[in-house]
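Shown next, in structure tokens, is the structure this report addresses.
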Protein chains: 2
Amino acid sequence: MHFTSESGPDGVAQRRFTVDGVPGVLWLPEGSEPGGLPLVLLAHGGGQHKTARGVVERARRCVTRYGCAAVALDAPGHGERKRSAQDERFATEIGELLAAGRPISAWVTRHTAALAERAVPEWRAVLDALEAAGEGFGPVGYWGLSLGSVVGIPLVAAERRIAAAVFGLTGRTAPTEEAGRVGVPLRFLLQWDDELVPREAALALFGELGSREKTLHANSGGHTAVPDSELASSERFLCRHLRSGAGS
Amino acid sequence: MHFTSESGPDGVAQRRFTVDGVPGVLWLPEGSEPGGLPLVLLAHGGGQHKTARGVVERARRCVTRYGCAAVALDAPGHGERKRSAQDERFATEIGELLAAGRPISAWVTRHTAALAERAVPEWRAVLDALEAAGEGFGPVGYWGLSLGSVVGIPLVAAERRIAAAVFGLTGRTAPTEEAGRVGVPLRFLLQWDDELVPREAALALFGELGSREKTLHANSGGHTAVPDSELASSERFLCRHLRSGAGS
């Protein structure tokens, strides 16, 4: 694990790294070491990447408002990563479907599920590498919507180091045991008029999540119209939960 | 409109009044006059009353945390009010149904709809009386769950003086135009495992509410298990909305 360090204008240090060829970024309060800090795993949505504007702004808020660290990775086929033949085929096919005005949700579901199978072990390897590098963190939380939840639900189901989560903008697509194995406190965001995720599928997925402490927040509007206040509230929920030591 | 004044230990003045025979309570910061203060209409749930513990605690938080005034009334057949023959019949019948282990939701629906028809003009008369008494308030909000929403939805649909609302713990029972005529920013609370309100009916009602700015918050648990943090958050939403002047 090799870090390069950068600093922003607001007291947030940004360190780039790679783990097994997966590029990532770690954000920390400038001049501090991560020892004991709560850590937020920030996943991006489909077509975005680890330093997309929304991801970077969220990471900086986690640091400056809540004193947490944050880490983001490029998902398979995203950002700096090479696209596989499968990724290229998907991009071509989805373009053709969109051009023909045909529904894309079945394609998205199939592709993102395959992508999640690759992404889950990558996140676990990064947690291992951070520990091995002596960057001992406090409680770990996961924040990811849409593709970020398709990856995050099996990750949180499998990974005992994650103590709280924010999910949303995705739905139940097939019978799965993974949602039921999620047991951590969580917030789930739903867009009432989501053009990509059927409302019933999203509600069914929320119902299947195994956590005793879970809250659904639904707002009017489409897939990309989550209100800023709702995003800010989800960050506060996650960071305060980690800060309160509930995850330790 | 005749007030009697009482003061609590925490700087909150509590004034009892009656309007057209309906008894109510007004809470204010001690020593202040209501002029310009945001006003929260606090409705109680079925079987409760204007000074039930939850109502009084909520009123005091509206005053002490947010500098709002709050007012509560006894709903028809509740609290200090005489029960009508219809109220008595309902109480008897619901007891018999419960004793027989039979479903009560149809009875509850029928009774609360009739009760709302009586309660809506009472709330409007109290707003008129407060204005006529020279108690000019700032923006007005409505907070009411369960029975409080059965009353509140037609009230907010009809009453232009109300600028924001908290509803929940009720569902769509029959086609109605009232929900669609609600246009104010609102928060809607739903209990995922509500034993009195079918989930689909609550979701359908939320979908029908005409407000552009509306948010559903759903938590695990039954009808009476709304988390304290969710109740506190709903008070914050309502009072901050009124305070921000969005309702003026």
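Every chain in the structure tokens has a letter given in the order shown (A, B, ...), and although residue numbers restart at 1 in each chain, ligands are simply numbered from 1 in the order shown.
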Inset, instruction - Using only C-alpha atoms, determine which residues of chain A fall within 7 Å of chain B; present them as a list in words. - result: Arg212, Glu213, Lys214, Thr215, Leu216, His217, Ala218, Asn219 and Ser220 of chain A
Please, could you write that set of residues out with N, CA and C atoms as a PDB file, in the first residue's frame?
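Generated output (again.pdb):
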ATOM      1  N   ARG A 212     -32.443  -4.604  12.790  1.00  0.00           N
ATOM      2  CA  ARG A 212     -33.523  -4.228  13.695  1.00  0.00           C
ATOM      3  C   ARG A 212     -33.727  -2.716  13.633  1.00  0.00           C
ATOM      4  N   GLU A 213     -32.647  -1.983  13.545  1.00  0.00           N
ATOM      5  CA  GLU A 213     -32.694  -0.521  13.509  1.00  0.00           C
ATOM      6  C   GLU A 213     -32.484  -0.050  12.072  1.00  0.00           C
ATOM      7  N   LYS A 214     -33.584   0.200  11.374  1.00  0.00           N
ATOM      8  CA  LYS A 214     -33.479   0.636   9.982  1.00  0.00           C
ATOM      9  C   LYS A 214     -34.570   1.658   9.701  1.00  0.00           C
ATOM     10  N   THR A 215     -34.237   2.662   8.897  1.00  0.00           N
ATOM     11  CA  THR A 215     -35.168   3.739   8.574  1.00  0.00           C
ATOM     12  C   THR A 215     -35.137   4.005   7.084  1.00  0.00           C
ATOM     13  N   LEU A 216     -36.326   4.105   6.506  1.00  0.00           N
ATOM     14  CA  LEU A 216     -36.477   4.454   5.092  1.00  0.00           C
ATOM     15  C   LEU A 216     -36.831   5.937   4.994  1.00  0.00           C
ATOM     16  N   HIS A 217     -36.122   6.669   4.139  1.00  0.00           N
ATOM     17  CA  HIS A 217     -36.489   8.053   3.840  1.00  0.00           C
ATOM     18  C   HIS A 217     -36.819   8.142   2.361  1.00  0.00           C
ATOM     19  N   ALA A 218     -38.060   8.479   2.058  1.00  0.00           N
ATOM     20  CA  ALA A 218     -38.494   8.588   0.660  1.00  0.00           C
ATOM     21  C   ALA A 218     -38.839  10.028   0.340  1.00  0.00           C
ATOM     22  N   ASN A 219     -38.337  10.510  -0.796  1.00  0.00           N
ATOM     23  CA  ASN A 219     -38.646  11.869  -1.252  1.00  0.00           C
ATOM     24  C   ASN A 219     -39.232  11.838  -2.657  1.00  0.00           C
ATOM     25  N   SER A 220     -39.973  12.863  -2.982  1.00  0.00           N
ATOM     26  CA  SER A 220     -40.471  13.022  -4.344  1.00  0.00           C
ATOM     27  C   SER A 220     -39.296  13.185  -5.298  1.00  0.00           C
TER      28      SER A 220
END
Can you list every residue in segment 29-214 of chain B that DSSP puts in strand (DSSP E or B), as a short mmCIF file (atom, residue, chain, number, x, y, z; two decimals) with C-alpha atoms, in the first residue's frame?
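selection00.cif was written with the following content:
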data_model
loop_
_atom_site.label_atom_id
_atom_site.label_comp_id
_atom_site.auth_asym_id
_atom_site.auth_seq_id
_atom_site.Cartn_x
_atom_site.Cartn_y
_atom_site.Cartn_z
CA PRO B 29 -42.43 31.25 26.08
CA LEU B 39 -47.59 28.38 15.95
CA VAL B 40 -47.74 24.58 15.98
CA LEU B 41 -51.16 22.92 16.03
CA LEU B 42 -50.63 19.74 18.05
CA ALA B 69 -45.99 28.59 20.35
CA ALA B 70 -48.12 25.44 20.41
CA VAL B 71 -51.82 24.75 20.82
CA ALA B 72 -53.71 21.52 21.49
CA LEU B 73 -57.45 20.74 21.60
CA VAL B 140 -48.74 27.98 11.37
CA GLY B 141 -47.79 24.28 11.21
CA TYR B 142 -49.74 21.12 11.93
CA TRP B 143 -48.41 18.05 13.77
CA ILE B 162 -51.24 26.22 7.57
CA ALA B 163 -47.82 26.27 5.93
CA ALA B 164 -46.21 22.89 6.79
CA ALA B 165 -47.26 19.59 8.35
CA VAL B 166 -46.24 16.32 9.98
CA PHE B 167 -48.55 13.40 9.27
CA GLY B 168 -48.37 9.61 9.57
CA LEU B 186 -44.62 17.78 4.86
CA ARG B 187 -43.04 14.85 6.66
CA PHE B 188 -44.98 11.55 6.78
CA LEU B 189 -44.13 8.91 9.41
CA LEU B 190 -44.81 5.25 8.74
CA GLN B 191 -44.24 2.23 10.96
CA LYS B 214 -42.81 15.64 0.89
#
Legend entry - Shell of 9 Å around Pro154 of chain B, only C-alpha atoms, local chain residues under 6 positions omitted, as a PyMOL selection string: chain B and resi 116-117+120+178-179+181-182
Legend entry - Residues near Thr224 of chain A, cut-off 10 Å, only C-alpha atoms, skip fewer than 4 positions along chain, as an NGL selection string: :A and (146 or 169 or 191 or 194-196)
Inset, instruction - Write down as a ChimeraX atom specification the residues belonging to segment 154-204 of chain B that are assigned helix (DSSP H, G or I) by DSSP computed on the backbone. - result: /B:154-158,178-181,199-204
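Contact shell of Ala52 of chain A at 12 Å (only C-alpha atoms; same-chain neighbours under 4 positions omitted): Val25, Leu42, Ala43, His44, Gly45, Gly46, Gly47, Gln48, Val56, Glu57, Arg58, Ala59, Ala72, Leu73, Asp74, His78, Gly79 and Glu80 of chain A.
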Limited to C-alpha atoms, could you put the picked residues into a file as a PDB file, in the first residue's frame?
ATOM      1  CA  VAL A  25      -8.305   7.857  -2.107  1.00  0.00           C
ATOM      2  CA  LEU A  42     -17.725   5.992   0.232  1.00  0.00           C
ATOM      3  CA  ALA A  43     -18.981   4.131  -2.815  1.00  0.00           C
ATOM      4  CA  HIS A  44     -19.871   5.940  -6.030  1.00  0.00           C
ATOM      5  CA  GLY A  45     -22.817   5.412  -8.369  1.00  0.00           C
ATOM      6  CA  GLY A  46     -22.746   3.801 -11.795  1.00  0.00           C
ATOM      7  CA  GLY A  47     -20.713   5.752 -14.353  1.00  0.00           C
ATOM      8  CA  GLN A  48     -18.990   7.835 -11.650  1.00  0.00           C
ATOM      9  CA  VAL A  56     -15.134  14.359  -2.891  1.00  0.00           C
ATOM     10  CA  GLU A  57     -17.574  16.837  -1.366  1.00  0.00           C
ATOM     11  CA  ARG A  58     -19.109  14.105   0.793  1.00  0.00           C
ATOM     12  CA  ALA A  59     -15.662  12.912   1.915  1.00  0.00           C
ATOM     13  CA  ALA A  72     -13.275   5.837  -1.931  1.00  0.00           C
ATOM     14  CA  LEU A  73     -12.326   3.315  -4.626  1.00  0.00           C
ATOM     15  CA  ASP A  74     -12.903   3.176  -8.350  1.00  0.00           C
ATOM     16  CA  HIS A  78     -14.914   2.846 -13.605  1.00  0.00           C
ATOM     17  CA  GLY A  79     -12.609   5.851 -13.226  1.00  0.00           C
ATOM     18  CA  GLU A  80      -8.938   5.067 -13.834  1.00  0.00           C
TER      19      GLU A  80
END
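The interatomic distance for the pair atom CA of Arg60 of chain A and atom CA of Gly11 of chain A works out to 9.3 Å.
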Inset, instruction - Kindly indicate which residue among A:Gly24, A:Val197, A:Met1, A:Leu238 lies nearest to Pro103 of chain A, using only C-alpha atoms for the distances. - result: A:Val197
Using only C-alpha atoms, determine which residues lie at most 9 Å from segment 89-94 of chain B, disregarding the query and same-chain residues fewer than 6 positions distant; provide the list as a PDB file with N, CA and C atoms, in the first residue's frame.
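Okay, selection32.pdb is ready:
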ATOM      1  N   ILE B 104     -60.348  -4.625  13.802  1.00  0.00           N
ATOM      2  CA  ILE B 104     -61.028  -3.384  14.194  1.00  0.00           C
ATOM      3  C   ILE B 104     -60.818  -2.260  13.198  1.00  0.00           C
ATOM      4  N   TRP B 107     -63.828  -0.467  11.643  1.00  0.00           N
ATOM      5  CA  TRP B 107     -64.548   0.353  12.636  1.00  0.00           C
ATOM      6  C   TRP B 107     -63.797   1.630  12.937  1.00  0.00           C
ATOM      7  N   VAL B 108     -62.484   1.490  13.097  1.00  0.00           N
ATOM      8  CA  VAL B 108     -61.679   2.660  13.412  1.00  0.00           C
ATOM      9  C   VAL B 108     -61.783   3.677  12.286  1.00  0.00           C
ATOM     10  N   HIS B 111     -65.222   5.431  12.277  1.00  0.00           N
ATOM     11  CA  HIS B 111     -65.406   6.344  13.402  1.00  0.00           C
ATOM     12  C   HIS B 111     -64.518   7.575  13.267  1.00  0.00           C
TER      13      HIS B 111
END
Inset, instruction - Find, counting only C-alpha atoms, the residue in A:Leu145, A:Ala225, A:Ala119, A:Leu242 that gets nearest to Gly77 of chain A. - result: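 Of A:Leu145, A:Ala225, A:Ala119, A:Leu242, the one nearest Gly77 of chain A, counting only C-alpha atoms, is A:Ala119.
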